[in-house]
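J.: File coords-v4.cif below, mmCIF, C-alpha atoms:
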data_query
loop_
_atom_site.group_PDB
_atom_site.id
_atom_site.type_symbol
_atom_site.label_atom_id
_atom_site.label_comp_id
_atom_site.auth_asym_id
_atom_site.auth_seq_id
_atom_site.Cartn_x
_atom_site.Cartn_y
_atom_site.Cartn_z
ATOM 1 C CA MET P 1 0.000 0.000 0.000
ATOM 2 C CA LYS P 2 1.253 3.469 -0.849
ATOM 3 C CA THR P 3 2.073 5.842 1.995
ATOM 4 C CA ILE P 4 2.419 9.617 2.205
ATOM 5 C CA SER P 5 4.339 11.669 4.765
ATOM 6 C CA ASN P 6 3.804 15.220 5.917
ATOM 7 C CA ARG P 7 5.994 18.207 6.612
ATOM 8 C CA THR P 8 5.480 19.569 10.115
ATOM 9 C CA TYR P 9 5.239 23.252 10.893
ATOM 10 C CA ASP P 10 8.836 23.225 12.175
ATOM 11 C CA GLU P 11 10.101 21.526 9.009
ATOM 12 C CA ILE P 12 8.476 24.062 6.682
ATOM 13 C CA SER P 13 10.469 27.067 5.424
ATOM 14 C CA ILE P 14 9.303 30.082 3.484
ATOM 15 C CA GLY P 15 9.960 29.337 -0.189
ATOM 16 C CA ASP P 16 9.297 25.572 0.113
ATOM 17 C CA ARG P 17 7.572 24.390 -2.992
ATOM 18 C CA CYS P 18 5.811 21.452 -4.581
ATOM 19 C CA GLU P 19 4.427 20.749 -8.035
ATOM 20 C CA ARG P 20 1.765 18.264 -9.131
ATOM 21 C CA THR P 21 0.623 17.714 -12.701
ATOM 22 C CA HIS P 22 -2.702 16.437 -14.021
ATOM 23 C CA THR P 23 -4.089 16.123 -17.543
ATOM 24 C CA VAL P 24 -7.787 16.963 -17.666
ATOM 25 C CA SER P 25 -10.068 14.276 -19.142
ATOM 26 C CA GLY P 26 -13.699 14.226 -20.156
ATOM 27 C CA GLN P 27 -14.272 11.800 -17.304
ATOM 28 C CA ASP P 28 -12.965 14.406 -14.833
ATOM 29 C CA LEU P 29 -15.729 16.777 -15.978
ATOM 30 C CA LEU P 30 -18.407 14.092 -15.677
ATOM 31 C CA LEU P 31 -17.258 13.099 -12.200
ATOM 32 C CA PHE P 32 -16.988 16.712 -11.052
ATOM 33 C CA ALA P 33 -20.508 17.357 -12.375
ATOM 34 C CA ALA P 34 -21.772 14.307 -10.494
ATOM 35 C CA VAL P 35 -20.120 15.176 -7.191
ATOM 36 C CA SER P 36 -20.795 18.942 -7.240
ATOM 37 C CA GLY P 37 -24.233 18.981 -8.875
ATOM 38 C CA ASP P 38 -23.033 21.515 -11.482
ATOM 39 C CA MET P 39 -24.409 19.984 -14.670
ATOM 40 C CA ASN P 40 -24.111 23.082 -16.800
ATOM 41 C CA PRO P 41 -23.884 22.002 -20.445
ATOM 42 C CA VAL P 42 -20.793 24.196 -21.012
ATOM 43 C CA HIS P 43 -18.943 21.506 -19.039
ATOM 44 C CA LEU P 44 -20.713 18.436 -20.421
ATOM 45 C CA ASP P 45 -22.239 18.974 -23.869
ATOM 46 C CA ALA P 46 -19.650 19.401 -26.632
ATOM 47 C CA ASP P 47 -22.189 20.643 -29.212
ATOM 48 C CA TYR P 48 -23.660 23.245 -26.871
ATOM 49 C CA ALA P 49 -20.231 24.294 -25.563
ATOM 50 C CA ALA P 50 -19.037 24.929 -29.132
ATOM 51 C CA THR P 51 -21.649 27.718 -29.385
ATOM 52 C CA THR P 52 -20.388 29.568 -26.272
ATOM 53 C CA ARG P 53 -17.654 32.172 -25.869
ATOM 54 C CA PHE P 54 -15.318 29.304 -24.923
ATOM 55 C CA LYS P 55 -15.841 27.423 -28.222
ATOM 56 C CA GLY P 56 -15.684 24.052 -26.497
ATOM 57 C CA GLN P 57 -16.201 22.231 -23.222
ATOM 58 C CA ILE P 58 -14.447 23.806 -20.247
ATOM 59 C CA ALA P 59 -13.629 22.336 -16.860
ATOM 60 C CA HIS P 60 -15.525 23.563 -13.816
ATOM 61 C CA GLY P 61 -13.508 26.362 -12.172
ATOM 62 C CA MET P 62 -13.665 24.624 -8.831
ATOM 63 C CA PHE P 63 -12.155 21.485 -10.371
ATOM 64 C CA THR P 64 -8.922 23.485 -10.476
ATOM 65 C CA GLY P 65 -9.618 24.416 -6.843
ATOM 66 C CA ALA P 66 -9.927 20.705 -6.062
ATOM 67 C CA LEU P 67 -6.492 20.041 -7.595
ATOM 68 C CA ILE P 68 -4.990 22.786 -5.396
ATOM 69 C CA SER P 69 -6.604 21.292 -2.293
ATOM 70 C CA ALA P 70 -5.234 17.849 -3.192
ATOM 71 C CA ALA P 71 -1.686 19.214 -3.476
ATOM 72 C CA LEU P 72 -2.012 20.765 -0.003
ATOM 73 C CA ALA P 73 -3.451 17.582 1.508
ATOM 74 C CA MET P 74 -1.168 15.065 -0.175
ATOM 75 C CA GLU P 75 2.169 16.928 -0.290
ATOM 76 C CA LEU P 76 2.628 20.362 1.255
ATOM 77 C CA PRO P 77 2.107 20.166 4.190
ATOM 78 C CA GLY P 78 0.406 16.754 3.628
ATOM 79 C CA PRO P 79 -1.430 14.516 6.101
ATOM 80 C CA GLY P 80 -2.627 16.214 9.280
ATOM 81 C CA THR P 81 -3.039 19.605 7.581
ATOM 82 C CA VAL P 82 -6.153 21.547 8.587
ATOM 83 C CA TYR P 83 -7.453 23.571 5.630
ATOM 84 C CA LEU P 84 -8.547 26.981 6.920
ATOM 85 C CA GLY P 85 -9.191 28.979 3.779
ATOM 86 C CA GLN P 86 -8.543 29.583 0.113
ATOM 87 C CA ASN P 87 -8.659 32.576 -2.194
ATOM 88 C CA ILE P 88 -8.721 31.706 -5.870
ATOM 89 C CA ALA P 89 -8.973 33.723 -9.082
ATOM 90 C CA PHE P 90 -9.965 31.899 -12.266
ATOM 91 C CA ARG P 91 -7.941 33.537 -15.024
ATOM 92 C CA ARG P 92 -8.259 31.347 -18.125
ATOM 93 C CA PRO P 93 -10.551 28.535 -19.274
ATOM 94 C CA VAL P 94 -9.339 24.947 -18.889
ATOM 95 C CA LYS P 95 -10.220 22.472 -21.641
ATOM 96 C CA ILE P 96 -10.208 18.701 -21.944
ATOM 97 C CA GLY P 97 -6.659 17.576 -22.739
ATOM 98 C CA ASP P 98 -5.014 20.519 -20.967
ATOM 99 C CA THR P 99 -2.160 19.534 -18.667
ATOM 100 C CA LEU P 100 -2.311 21.551 -15.454
ATOM 101 C CA THR P 101 0.593 22.008 -13.063
ATOM 102 C CA VAL P 102 -0.295 23.080 -9.527
ATOM 103 C CA ILE P 103 2.620 24.965 -7.967
ATOM 104 C CA LEU P 104 2.513 25.620 -4.229
ATOM 105 C CA THR P 105 5.059 27.939 -2.586
ATOM 106 C CA VAL P 106 5.121 28.682 1.145
ATOM 107 C CA SER P 107 4.793 32.455 1.498
ATOM 108 C CA ALA P 108 4.515 33.049 5.270
ATOM 109 C CA LYS P 109 4.563 31.311 8.669
ATOM 110 C CA HIS P 110 2.658 32.512 11.723
ATOM 111 C CA ASP P 111 4.117 30.802 14.792
ATOM 112 C CA SER P 112 1.272 31.415 17.218
ATOM 113 C CA LYS P 113 -1.087 28.797 15.750
ATOM 114 C CA SER P 114 1.176 26.881 13.309
ATOM 115 C CA ILE P 115 -0.515 28.731 10.460
ATOM 116 C CA VAL P 116 1.140 28.709 7.053
ATOM 117 C CA THR P 117 0.103 30.693 3.991
ATOM 118 C CA ILE P 118 0.863 29.140 0.633
ATOM 119 C CA ALA P 119 0.826 30.839 -2.756
ATOM 120 C CA CYS P 120 -1.008 28.727 -5.342
ATOM 121 C CA ASP P 121 -0.398 28.998 -9.077
ATOM 122 C CA VAL P 122 -1.905 26.650 -11.650
ATOM 123 C CA LYS P 123 -0.384 26.770 -15.119
ATOM 124 C CA ASN P 124 -1.439 25.034 -18.316
ATOM 125 C CA GLN P 125 0.852 23.303 -20.820
ATOM 126 C CA HIS P 126 1.575 26.684 -22.460
ATOM 127 C CA GLY P 127 2.920 28.112 -19.186
ATOM 128 C CA LYS P 128 -0.111 30.382 -18.797
ATOM 129 C CA THR P 129 -1.703 30.770 -15.368
ATOM 130 C CA VAL P 130 -5.268 29.411 -15.392
ATOM 131 C CA ALA P 131 -5.871 30.080 -11.680
ATOM 132 C CA ASP P 132 -3.959 31.525 -8.756
ATOM 133 C CA GLY P 133 -4.523 32.500 -5.177
ATOM 134 C CA GLU P 134 -3.494 31.784 -1.621
ATOM 135 C CA ALA P 135 -4.234 28.957 0.808
ATOM 136 C CA THR P 136 -4.211 29.260 4.580
ATOM 137 C CA VAL P 137 -3.604 26.055 6.524
ATOM 138 C CA MET P 138 -2.748 24.920 10.014
ATOM 139 C CA ALA P 139 0.341 22.778 9.497
ATOM 140 C CA PRO P 140 0.716 19.517 11.428
ATOM 141 C CA ASP P 141 2.694 19.583 14.688
ATOM 142 C CA SER P 142 3.779 15.957 14.550
ATOM 143 C CA LYS P 143 5.462 13.935 11.853
ATOM 144 C CA MET P 144 3.263 11.250 10.365
ATOM 145 C CA THR P 145 3.182 8.746 7.543
ATOM 146 C CA VAL P 146 -0.232 7.416 6.591
ATOM 147 C CA GLU P 147 -1.418 4.721 4.223
ATOM 148 C CA VAL P 148 -3.272 5.989 1.162
ATOM 149 C CA PRO P 149 -6.468 3.926 0.937
ATOM 150 C CA ASP P 150 -7.060 2.042 -2.282
ATOM 151 C CA LEU P 151 -9.960 3.816 -3.942
ATOM 152 C CA PRO P 152 -12.763 1.603 -5.148
ATOM 153 C CA GLU P 153 -13.002 1.732 -8.924
ATOM 154 C CA VAL P 154 -15.266 4.515 -10.182
ATOM 155 C CA THR P 155 -17.010 3.721 -13.464
ATOM 156 C CA VAL P 156 -18.903 6.079 -15.740
ATOM 157 C CA ASN P 157 -21.500 4.047 -17.672
ATOM 158 C CA HIS P 158 -21.974 5.788 -21.005
ATOM 159 C CA MET H 1 -35.169 16.776 -20.316
ATOM 160 C CA LYS H 2 -34.769 19.212 -17.436
ATOM 161 C CA THR H 3 -33.902 22.822 -18.221
ATOM 162 C CA ILE H 4 -32.393 25.632 -16.166
ATOM 163 C CA SER H 5 -32.691 29.376 -16.744
ATOM 164 C CA ASN H 6 -30.394 32.177 -15.715
ATOM 165 C CA ARG H 7 -30.803 35.607 -14.215
ATOM 166 C CA THR H 8 -29.156 38.292 -16.330
ATOM 167 C CA TYR H 9 -27.099 41.110 -14.883
ATOM 168 C CA ASP H 10 -30.041 43.500 -15.350
ATOM 169 C CA GLU H 11 -32.445 41.140 -13.577
ATOM 170 C CA ILE H 12 -30.206 40.757 -10.524
ATOM 171 C CA SER H 13 -30.740 42.991 -7.473
ATOM 172 C CA ILE H 14 -28.633 43.354 -4.367
ATOM 173 C CA GLY H 15 -30.142 41.045 -1.745
ATOM 174 C CA ASP H 16 -31.275 38.387 -4.257
ATOM 175 C CA ARG H 17 -30.831 34.995 -2.710
ATOM 176 C CA CYS H 18 -30.920 31.291 -3.393
ATOM 177 C CA GLU H 19 -30.592 28.196 -1.255
ATOM 178 C CA ARG H 20 -29.609 24.651 -2.214
ATOM 179 C CA THR H 21 -29.454 21.707 0.148
ATOM 180 C CA HIS H 22 -27.364 18.541 -0.055
ATOM 181 C CA THR H 23 -26.863 15.667 2.374
ATOM 182 C CA VAL H 24 -23.270 14.424 2.358
ATOM 183 C CA SER H 25 -22.780 10.708 1.642
ATOM 184 C CA GLY H 26 -19.817 8.393 1.851
ATOM 185 C CA GLN H 27 -20.008 8.131 -1.941
ATOM 186 C CA ASP H 28 -19.520 11.920 -2.214
ATOM 187 C CA LEU H 29 -16.195 11.572 -0.379
ATOM 188 C CA LEU H 30 -15.068 8.671 -2.592
ATOM 189 C CA LEU H 31 -15.965 10.548 -5.774
ATOM 190 C CA PHE H 32 -14.329 13.755 -4.578
ATOM 191 C CA ALA H 33 -11.181 11.795 -3.703
ATOM 192 C CA ALA H 34 -11.199 10.222 -7.166
ATOM 193 C CA VAL H 35 -11.707 13.476 -9.050
ATOM 194 C CA SER H 36 -9.365 15.663 -6.955
ATOM 195 C CA GLY H 37 -6.626 13.133 -6.173
ATOM 196 C CA ASP H 38 -6.899 13.913 -2.439
ATOM 197 C CA MET H 39 -6.941 10.410 -0.977
ATOM 198 C CA ASN H 40 -6.086 11.420 2.552
ATOM 199 C CA PRO H 41 -7.372 8.710 4.913
ATOM 200 C CA VAL H 42 -9.128 11.294 7.116
ATOM 201 C CA HIS H 43 -11.682 11.479 4.291
ATOM 202 C CA LEU H 44 -11.801 7.794 3.350
ATOM 203 C CA ASP H 45 -10.780 5.468 6.177
ATOM 204 C CA ALA H 46 -13.265 5.382 9.057
ATOM 205 C CA ASP H 47 -10.893 3.563 11.430
ATOM 206 C CA TYR H 48 -8.020 5.958 10.811
ATOM 207 C CA ALA H 49 -10.292 9.014 10.914
ATOM 208 C CA ALA H 50 -11.614 7.958 14.334
ATOM 209 C CA THR H 51 -8.081 8.462 15.725
ATOM 210 C CA THR H 52 -7.820 12.082 14.492
ATOM 211 C CA ARG H 53 -8.915 15.336 16.098
ATOM 212 C CA PHE H 54 -12.128 15.051 14.057
ATOM 213 C CA LYS H 55 -13.082 11.644 15.561
ATOM 214 C CA GLY H 56 -14.523 10.454 12.256
ATOM 215 C CA GLN H 57 -14.400 10.848 8.479
ATOM 216 C CA ILE H 58 -14.704 14.443 7.283
ATOM 217 C CA ALA H 59 -15.552 15.782 3.861
ATOM 218 C CA HIS H 60 -12.850 17.466 1.807
ATOM 219 C CA GLY H 61 -13.042 21.236 2.416
ATOM 220 C CA MET H 62 -13.174 21.908 -1.288
ATOM 221 C CA PHE H 63 -16.199 19.613 -1.607
ATOM 222 C CA THR H 64 -18.093 22.411 0.135
ATOM 223 C CA GLY H 65 -16.471 24.793 -2.364
ATOM 224 C CA ALA H 66 -17.823 22.597 -5.160
ATOM 225 C CA LEU H 67 -21.353 22.875 -3.754
ATOM 226 C CA ILE H 68 -21.021 26.684 -3.721
ATOM 227 C CA SER H 69 -19.827 26.704 -7.320
ATOM 228 C CA ALA H 70 -22.760 24.512 -8.355
ATOM 229 C CA ALA H 71 -25.267 26.917 -6.772
ATOM 230 C CA LEU H 72 -23.699 29.809 -8.727
ATOM 231 C CA ALA H 73 -23.688 27.858 -11.988
ATOM 232 C CA MET H 74 -27.123 26.268 -11.713
ATOM 233 C CA GLU H 75 -29.172 29.011 -10.026
ATOM 234 C CA LEU H 76 -27.718 32.421 -9.215
ATOM 235 C CA PRO H 77 -26.899 33.735 -11.768
ATOM 236 C CA GLY H 78 -27.089 30.320 -13.533
ATOM 237 C CA PRO H 79 -26.143 29.378 -17.114
ATOM 238 C CA GLY H 80 -23.811 31.790 -18.884
ATOM 239 C CA THR H 81 -22.147 32.896 -15.636
ATOM 240 C CA VAL H 82 -18.357 33.333 -15.833
ATOM 241 C CA TYR H 83 -16.758 32.393 -12.512
ATOM 242 C CA LEU H 84 -13.996 34.911 -11.759
ATOM 243 C CA GLY H 85 -13.013 34.161 -8.205
ATOM 244 C CA GLN H 86 -13.883 32.759 -4.814
ATOM 245 C CA ASN H 87 -12.757 33.398 -1.266
ATOM 246 C CA ILE H 88 -13.694 30.687 1.188
ATOM 247 C CA ALA H 89 -13.039 30.073 4.878
ATOM 248 C CA PHE H 90 -13.550 26.550 6.226
ATOM 249 C CA ARG H 91 -14.983 27.022 9.718
ATOM 250 C CA ARG H 92 -16.212 23.625 10.909
ATOM 251 C CA PRO H 93 -15.718 20.008 9.843
ATOM 252 C CA VAL H 94 -18.396 18.376 7.666
ATOM 253 C CA LYS H 95 -19.230 14.720 8.320
ATOM 254 C CA ILE H 96 -21.047 11.999 6.414
ATOM 255 C CA GLY H 97 -24.789 12.456 6.973
ATOM 256 C CA ASP H 98 -24.566 16.226 7.499
ATOM 257 C CA THR H 99 -27.135 18.219 5.541
ATOM 258 C CA LEU H 100 -25.544 21.333 4.093
ATOM 259 C CA THR H 101 -27.458 24.374 2.898
ATOM 260 C CA VAL H 102 -25.627 26.706 0.525
ATOM 261 C CA ILE H 103 -27.046 30.230 0.826
ATOM 262 C CA LEU H 104 -26.044 32.769 -1.820
ATOM 263 C CA THR H 105 -26.910 36.460 -1.403
ATOM 264 C CA VAL H 106 -26.020 39.126 -3.962
ATOM 265 C CA SER H 107 -23.922 41.713 -2.131
ATOM 266 C CA ALA H 108 -22.799 44.134 -4.870
ATOM 267 C CA LYS H 109 -23.102 44.950 -8.582
ATOM 268 C CA HIS H 110 -20.385 46.611 -10.654
ATOM 269 C CA ASP H 111 -21.962 47.895 -13.862
ATOM 270 C CA SER H 112 -18.807 48.375 -15.920
ATOM 271 C CA LYS H 113 -18.239 44.666 -16.626
ATOM 272 C CA SER H 114 -21.486 43.041 -15.403
ATOM 273 C CA ILE H 115 -19.607 41.872 -12.324
ATOM 274 C CA VAL H 116 -21.608 40.676 -9.330
ATOM 275 C CA THR H 117 -20.265 39.776 -5.911
ATOM 276 C CA ILE H 118 -22.190 37.159 -3.983
ATOM 277 C CA ALA H 119 -21.903 36.333 -0.281
ATOM 278 C CA CYS H 120 -21.713 32.577 0.290
ATOM 279 C CA ASP H 121 -22.707 30.898 3.537
ATOM 280 C CA VAL H 122 -22.906 27.138 4.016
ATOM 281 C CA LYS H 123 -24.712 25.940 7.123
ATOM 282 C CA ASN H 124 -25.140 22.454 8.544
ATOM 283 C CA GLN H 125 -28.336 20.935 9.933
ATOM 284 C CA HIS H 126 -27.632 22.594 13.286
ATOM 285 C CA GLY H 127 -27.633 26.060 11.701
ATOM 286 C CA LYS H 128 -23.855 26.407 12.194
ATOM 287 C CA THR H 129 -21.753 27.880 9.418
ATOM 288 C CA VAL H 130 -19.288 25.289 8.081
ATOM 289 C CA ALA H 131 -17.854 27.585 5.380
ATOM 290 C CA ASP H 132 -18.385 31.121 4.162
ATOM 291 C CA GLY H 133 -16.861 33.557 1.750
ATOM 292 C CA GLU H 134 -17.513 35.604 -1.339
ATOM 293 C CA ALA H 135 -17.822 34.758 -5.021
ATOM 294 C CA THR H 136 -17.082 37.127 -7.893
ATOM 295 C CA VAL H 137 -18.802 36.369 -11.190
ATOM 296 C CA MET H 138 -19.521 37.996 -14.515
ATOM 297 C CA ALA H 139 -23.290 37.700 -14.822
ATOM 298 C CA PRO H 140 -24.824 36.787 -18.185
ATOM 299 C CA ASP H 141 -25.993 39.618 -20.437
ATOM 300 C CA SER H 142 -28.655 37.605 -22.241
ATOM 301 C CA LYS H 143 -31.496 35.486 -20.957
ATOM 302 C CA MET H 144 -31.083 31.808 -21.655
ATOM 303 C CA THR H 145 -32.624 28.473 -20.842
ATOM 304 C CA VAL H 146 -30.423 25.429 -21.389
ATOM 305 C CA GLU H 147 -31.028 21.710 -21.224
ATOM 306 C CA VAL H 148 -29.318 19.939 -18.344
ATOM 307 C CA PRO H 149 -27.533 16.938 -19.852
ATOM 308 C CA ASP H 150 -28.431 13.546 -18.433
ATOM 309 C CA LEU H 151 -25.336 12.440 -16.552
ATOM 310 C CA PRO H 152 -24.122 8.942 -17.309
ATOM 311 C CA GLU H 153 -24.475 6.764 -14.257
ATOM 312 C CA VAL H 154 -21.415 6.857 -11.996
ATOM 313 C CA THR H 155 -20.844 3.706 -9.976
ATOM 314 C CA VAL H 156 -18.380 3.024 -7.197
ATOM 315 C CA ASN H 157 -17.383 -0.645 -7.248
ATOM 316 C CA HIS H 158 -16.691 -1.645 -3.657
#
Can you turn what I pasted into structure tokens?
T.:
Amino acid sequence: MKTISNRTYDEISIGDRCERTHTVSGQDLLLFAAVSGDMNPVHLDADYAATTRFKGQIAHGMFTGALISAALAMELPGPGTVYLGQNIAFRRPVKIGDTLTVILTVSAKHDSKSIVTIACDVKNQHGKTVADGEATVMAPDSKMTVEVPDLPEVTVNH
Amino acid sequence: MKTISNRTYDEISIGDRCERTHTVSGQDLLLFAAVSGDMNPVHLDADYAATTRFKGQIAHGMFTGALISAALAMELPGPGTVYLGQNIAFRRPVKIGDTLTVILTVSAKHDSKSIVTIACDVKNQHGKTVADGEATVMAPDSKMTVEVPDLPEVTVNH
């Protein structure tokens, strides 16, 4: 079974960074529609989406937010992190097939409550920022390594 | 087929409001883990989660963000909305079985670019705020009614 380890508040330095990459699929949009309840046809219906200002299906903005939250929870700081808040600006549309890189960079530490602020930048395969913002988390106090549960298989029945 | 209609910038008044309710299931957490890549055991493994400060499985914070984004996209302003940004503070844990109510209230209009700011409050079944913040959207200029695509069935194979 795969495990993940965290970085404690004391181990984190300003400027620490992580990157995670994900290529957006049509299935991502279907699953995000199912889990969020946002079934707007601009995300799901290729023919309709072609008639919009975006000229094709676009990912839900908050799907990019979900990728940021996963980077915080899985890597920096990782397990034991308490997510306190997020500011996010959606700057460019994301399309199926785009490869997104989430870049997290620690921007400040606040010793009193182990609070860390982390700059978030999400770039597409052309190096253009599609979303950016800032996360506020309470970093873990103790070192831990946890097992990543095997996810049950999720199937989309077309 | 179900349809949804939007509210155009001109139709929107400060104080306009909508509410959407959702009861959180274990399947929501599995799907959100699958689509985001956040497979932290605090969301997925009941035995592990019982040992944490939360004393049980909690929903991903950004799952609540996804519910907010769906309310913006499906109802206020609805189809044709361009999501520009979101600030969100996660104030209380959300557990399986909690019934969340997303409450959107238009707080400001900025005529130059049809920009609307919307206060977002998400309460649980006890009336406690689990997350709040503010959304910034470009409201649609033209009235539209769109068909909501039938989602293919999503199954989780345990």
J.: Using the chain letters and numbers from this file, what does the PyMOL selection byres ((chain H) within 8 of (chain P)) select? Give the answer as number ranges by chain.
T.: H: 28, 30-32, 34-41, 44-45, 61-63, 65-67, 69-71, 73-74, 79, 83-91, 146-149, 151-158
J.: To one decimal place, how far is CA of Ser112 in chain P from CA of Phe54 in chain H in Å?
T.: 21.4 Å
J.: Can you measure CA of Gln57 in chain P to CA of Met144 in chain H for me? One decimal in Å is fine.
T.: 17.8 Å
J.: Run the PyMOL selection byres ((chain P and resi 12) around 10) on the file and write out the hits as a list in words.
T.: Arg7, Thr8, Tyr9, Asp10, Glu11, Ser13, Ile14, Gly15, Asp16, Arg17, Leu76, Pro77, Val106, Ala108, Lys109, Val116 and Ala139 of chain P
J.: Would you pick out the contacts of Lys95 in chain H at 8 Å or less, using only C-alpha atoms, so that residues sharing its chain but fewer than 2 positions from it are not included, and give the list as a list in words?
T.: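 The residues that qualify are Val24, Gly56, Gln57, Ile58, Ala59, Pro93, Gly97 and Asp98 of chain H.
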J.: Would you mind putting back N, CA, C and O atoms on range 17-34 of chain P, then writing it out as a PDB file, in the frame of the given file?
T.:
ATOM      1  N   ARG P  17       8.356  24.427  -1.779  1.00  0.00           N
ATOM      2  CA  ARG P  17       7.572  24.390  -2.992  1.00  0.00           C
ATOM      3  C   ARG P  17       7.217  22.946  -3.340  1.00  0.00           C
ATOM      4  O   ARG P  17       7.973  22.025  -3.033  1.00  0.00           O
ATOM      5  N   CYS P  18       6.083  22.745  -3.956  1.00  0.00           N
ATOM      6  CA  CYS P  18       5.811  21.452  -4.581  1.00  0.00           C
ATOM      7  C   CYS P  18       5.038  21.672  -5.862  1.00  0.00           C
ATOM      8  O   CYS P  18       4.410  22.720  -6.066  1.00  0.00           O
ATOM      9  N   GLU P  19       5.122  20.701  -6.751  1.00  0.00           N
ATOM     10  CA  GLU P  19       4.427  20.749  -8.035  1.00  0.00           C
ATOM     11  C   GLU P  19       3.728  19.421  -8.258  1.00  0.00           C
ATOM     12  O   GLU P  19       4.302  18.363  -7.993  1.00  0.00           O
ATOM     13  N   ARG P  20       2.507  19.481  -8.742  1.00  0.00           N
ATOM     14  CA  ARG P  20       1.765  18.264  -9.131  1.00  0.00           C
ATOM     15  C   ARG P  20       1.096  18.522 -10.467  1.00  0.00           C
ATOM     16  O   ARG P  20       0.519  19.592 -10.675  1.00  0.00           O
ATOM     17  N   THR P  21       1.130  17.548 -11.333  1.00  0.00           N
ATOM     18  CA  THR P  21       0.623  17.714 -12.701  1.00  0.00           C
ATOM     19  C   THR P  21      -0.547  16.765 -12.950  1.00  0.00           C
ATOM     20  O   THR P  21      -0.552  15.641 -12.453  1.00  0.00           O
ATOM     21  N   HIS P  22      -1.526  17.250 -13.699  1.00  0.00           N
ATOM     22  CA  HIS P  22      -2.702  16.437 -14.021  1.00  0.00           C
ATOM     23  C   HIS P  22      -3.212  16.835 -15.402  1.00  0.00           C
ATOM     24  O   HIS P  22      -3.355  18.031 -15.688  1.00  0.00           O
ATOM     25  N   THR P  23      -3.490  15.852 -16.227  1.00  0.00           N
ATOM     26  CA  THR P  23      -4.089  16.123 -17.543  1.00  0.00           C
ATOM     27  C   THR P  23      -5.602  15.907 -17.446  1.00  0.00           C
ATOM     28  O   THR P  23      -6.062  14.868 -16.968  1.00  0.00           O
ATOM     29  N   VAL P  24      -6.340  16.935 -17.862  1.00  0.00           N
ATOM     30  CA  VAL P  24      -7.787  16.963 -17.666  1.00  0.00           C
ATOM     31  C   VAL P  24      -8.473  16.081 -18.717  1.00  0.00           C
ATOM     32  O   VAL P  24      -8.225  16.225 -19.917  1.00  0.00           O
ATOM     33  N   SER P  25      -9.343  15.181 -18.247  1.00  0.00           N
ATOM     34  CA  SER P  25     -10.068  14.276 -19.142  1.00  0.00           C
ATOM     35  C   SER P  25     -11.558  14.614 -19.144  1.00  0.00           C
ATOM     36  O   SER P  25     -12.063  15.287 -18.236  1.00  0.00           O
ATOM     37  N   GLY P  26     -12.246  14.094 -20.144  1.00  0.00           N
ATOM     38  CA  GLY P  26     -13.699  14.226 -20.156  1.00  0.00           C
ATOM     39  C   GLY P  26     -14.327  13.562 -18.941  1.00  0.00           C
ATOM     40  O   GLY P  26     -15.313  14.052 -18.390  1.00  0.00           O
ATOM     41  N   GLN P  27     -13.737  12.474 -18.497  1.00  0.00           N
ATOM     42  CA  GLN P  27     -14.272  11.800 -17.304  1.00  0.00           C
ATOM     43  C   GLN P  27     -14.153  12.679 -16.056  1.00  0.00           C
ATOM     44  O   GLN P  27     -15.035  12.650 -15.195  1.00  0.00           O
ATOM     45  N   ASP P  28     -13.077  13.472 -15.963  1.00  0.00           N
ATOM     46  CA  ASP P  28     -12.965  14.406 -14.833  1.00  0.00           C
ATOM     47  C   ASP P  28     -14.185  15.322 -14.776  1.00  0.00           C
ATOM     48  O   ASP P  28     -14.728  15.602 -13.697  1.00  0.00           O
ATOM     49  N   LEU P  29     -14.606  15.827 -15.944  1.00  0.00           N
ATOM     50  CA  LEU P  29     -15.729  16.777 -15.978  1.00  0.00           C
ATOM     51  C   LEU P  29     -17.029  16.087 -15.588  1.00  0.00           C
ATOM     52  O   LEU P  29     -17.850  16.651 -14.854  1.00  0.00           O
ATOM     53  N   LEU P  30     -17.205  14.842 -16.054  1.00  0.00           N
ATOM     54  CA  LEU P  30     -18.407  14.092 -15.677  1.00  0.00           C
ATOM     55  C   LEU P  30     -18.435  13.831 -14.173  1.00  0.00           C
ATOM     56  O   LEU P  30     -19.466  13.998 -13.526  1.00  0.00           O
ATOM     57  N   LEU P  31     -17.296  13.406 -13.631  1.00  0.00           N
ATOM     58  CA  LEU P  31     -17.258  13.099 -12.200  1.00  0.00           C
ATOM     59  C   LEU P  31     -17.448  14.371 -11.376  1.00  0.00           C
ATOM     60  O   LEU P  31     -18.136  14.365 -10.359  1.00  0.00           O
ATOM     61  N   PHE P  32     -16.826  15.474 -11.821  1.00  0.00           N
ATOM     62  CA  PHE P  32     -16.988  16.712 -11.052  1.00  0.00           C
ATOM     63  C   PHE P  32     -18.437  17.196 -11.114  1.00  0.00           C
ATOM     64  O   PHE P  32     -18.971  17.702 -10.120  1.00  0.00           O
ATOM     65  N   ALA P  33     -19.082  17.007 -12.259  1.00  0.00           N
ATOM     66  CA  ALA P  33     -20.508  17.357 -12.375  1.00  0.00           C
ATOM     67  C   ALA P  33     -21.331  16.507 -11.408  1.00  0.00           C
ATOM     68  O   ALA P  33     -22.211  17.014 -10.702  1.00  0.00           O
ATOM     69  N   ALA P  34     -21.010  15.208 -11.356  1.00  0.00           N
ATOM     70  CA  ALA P  34     -21.772  14.307 -10.494  1.00  0.00           C
ATOM     71  C   ALA P  34     -21.597  14.671  -9.024  1.00  0.00           C
ATOM     72  O   ALA P  34     -22.557  14.707  -8.257  1.00  0.00           O
TER      73      ALA P  34
END
